[in-house]
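J.: File start09.cif below, mmCIF, C-alpha atoms:
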```
data_start
loop_
_atom_site.group_PDB
_atom_site.id
_atom_site.type_symbol
_atom_site.label_atom_id
_atom_site.label_comp_id
_atom_site.auth_asym_id
_atom_site.auth_seq_id
_atom_site.Cartn_x
_atom_site.Cartn_y
_atom_site.Cartn_z
ATOM 1 C CA MET A 1 120.132 46.855 65.024
ATOM 2 C CA LYS A 2 120.431 47.494 68.764
ATOM 3 C CA ALA A 3 121.304 51.148 68.167
ATOM 4 C CA ALA A 4 118.338 51.540 65.812
ATOM 5 C CA LYS A 5 115.957 50.140 68.440
ATOM 6 C CA ARG A 6 117.403 52.472 71.074
ATOM 7 C CA TYR A 7 117.011 55.423 68.723
ATOM 8 C CA SER A 8 113.396 54.557 67.869
ATOM 9 C CA ALA A 9 112.631 54.125 71.574
ATOM 10 C CA LYS A 10 114.024 57.601 72.263
ATOM 11 C CA VAL A 11 112.010 59.071 69.385
ATOM 12 C CA ASN A 12 108.817 57.432 70.667
ATOM 13 C CA GLU A 13 109.540 58.676 74.168
ATOM 14 C CA HIS A 14 110.038 62.194 72.833
ATOM 15 C CA GLN A 15 106.751 62.042 70.901
ATOM 16 C CA VAL A 16 104.867 60.873 73.990
ATOM 17 C CA SER A 17 106.350 63.619 76.144
ATOM 18 C CA ALA A 18 105.536 66.208 73.434
ATOM 19 C CA LYS A 19 101.925 64.992 73.379
ATOM 20 C CA LYS A 20 101.743 65.175 77.173
ATOM 21 C CA LEU A 21 103.169 68.700 77.145
ATOM 22 C CA ALA A 22 100.633 69.750 74.517
ATOM 23 C CA LYS A 23 97.791 68.278 76.561
ATOM 24 C CA ALA A 24 99.073 70.002 79.707
ATOM 25 C CA ALA A 25 99.228 73.322 77.840
ATOM 26 C CA LYS A 26 95.650 72.837 76.676
ATOM 27 C CA LEU A 27 94.478 72.139 80.225
ATOM 28 C CA ARG A 28 96.329 75.188 81.552
ATOM 29 C CA ALA A 29 94.684 77.372 78.908
ATOM 30 C CA LYS A 30 91.269 76.029 79.897
ATOM 31 C CA ALA A 31 91.999 76.710 83.578
ATOM 32 C CA ALA A 32 93.095 80.262 82.751
ATOM 33 C CA LYS A 33 89.873 80.857 80.818
ATOM 34 C CA ILE A 34 87.762 79.650 83.746
ATOM 35 C CA ARG A 35 89.831 81.751 86.170
ATOM 36 C CA GLU A 36 89.096 84.784 83.995
ATOM 37 C CA GLN A 37 85.352 84.073 84.099
ATOM 38 C CA VAL A 38 85.468 83.703 87.899
ATOM 39 C CA ALA A 39 87.281 87.026 88.213
ATOM 40 C CA LYS A 40 84.596 88.737 86.107
ATOM 41 C CA HIS A 41 81.831 87.263 88.252
ATOM 42 C CA ASP A 42 83.657 88.215 91.443
ATOM 43 C CA ALA A 43 83.891 91.809 90.221
ATOM 44 C CA LYS A 44 80.146 91.828 89.465
ATOM 45 C CA ILE A 45 79.357 90.352 92.883
ATOM 46 C CA ARG A 46 81.504 92.951 94.667
ATOM 47 C CA ALA A 47 79.777 95.745 92.735
ATOM 48 C CA LEU A 48 76.365 94.382 93.711
ATOM 49 C CA GLN A 49 77.431 94.038 97.354
ATOM 50 C CA ARG A 50 78.547 97.685 97.357
ATOM 51 C CA LYS A 51 75.193 98.664 95.878
ATOM 52 C CA ILE A 52 73.355 96.689 98.565
ATOM 53 C CA ALA A 53 75.427 98.273 101.343
ATOM 54 C CA ASP A 54 74.756 101.742 99.912
ATOM 55 C CA LEU A 55 71.008 101.099 99.722
ATOM 56 C CA GLU A 56 70.976 99.720 103.288
ATOM 57 C CA ARG A 57 72.849 102.799 104.511
ATOM 58 C CA ARG A 58 70.391 105.127 102.770
ATOM 59 C CA ALA A 59 67.433 103.173 104.168
ATOM 60 C CA ASN A 60 68.882 103.398 107.684
ATOM 61 C CA GLN A 61 69.368 107.153 107.325
ATOM 62 C CA LEU A 62 65.734 107.584 106.290
ATOM 63 C CA ALA A 63 64.231 105.252 108.894
ATOM 64 C CA GLY A 64 66.541 106.038 111.774
ATOM 65 C CA PRO A 65 67.670 103.448 114.291
ATOM 66 C CA PRO A 66 65.536 100.286 114.512
ATOM 67 C CA MET A 67 62.958 100.157 117.320
ATOM 68 C CA LYS A 68 63.331 97.618 120.086
#
```
What would you get if you wrote out this structure as structure tokens?
T.:
Amino acid sequence: MKAAKRYSAKVNEHQVSAKKLAKAAKLRAKAAKIREQVAKHDAKIRALQRKIADLERRANQLAGPPMK
């Protein structure tokens, strides 16, 4: 009887840890998905910043140095 209880306790413990591992894997997958989205947005932002810098440079070439 004692051995059976010990065995069932180990089985329950294993099931709990398996559930926790599954939940952790799910959370990691979600984090990876969000990280991917952030990377995409960062790339878009950098592209827009380059565009802005290019337009500013062109505007400065046309207008010349600012007057004081």
J.: Quick one: pull the distance between CA of Val16 in chain A and CA of Ile34 in chain A, Å, one decimal.
T.: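 Taking CA of Val16 in chain A as the start and CA of Ile34 in chain A as the end point, the length is 27.2 Å.
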J.: What separation in Å, quoted to one decimal, exists between CA of Ile45 in chain A and CA of Leu62 in chain A?
T.: 25.7 Å
J.: Which value, in Å to one decimal, gives the distance between CA of Tyr7 in chain A and CA of Ala25 in chain A?
T.: 26.8 Å
J.: To box range 47-57 of chain A, take all atoms listed in the file, fit an axis-aligned box, add 4 Å on each side, and give centre and edge lengths in Å to one decimal, as lines of an AutoDock Vina configuration file.
T.:
```
center_x = 75.4
center_y = 98.4
center_z = 98.6
size_x = 16.8
size_y = 16.8
size_z = 19.8
```
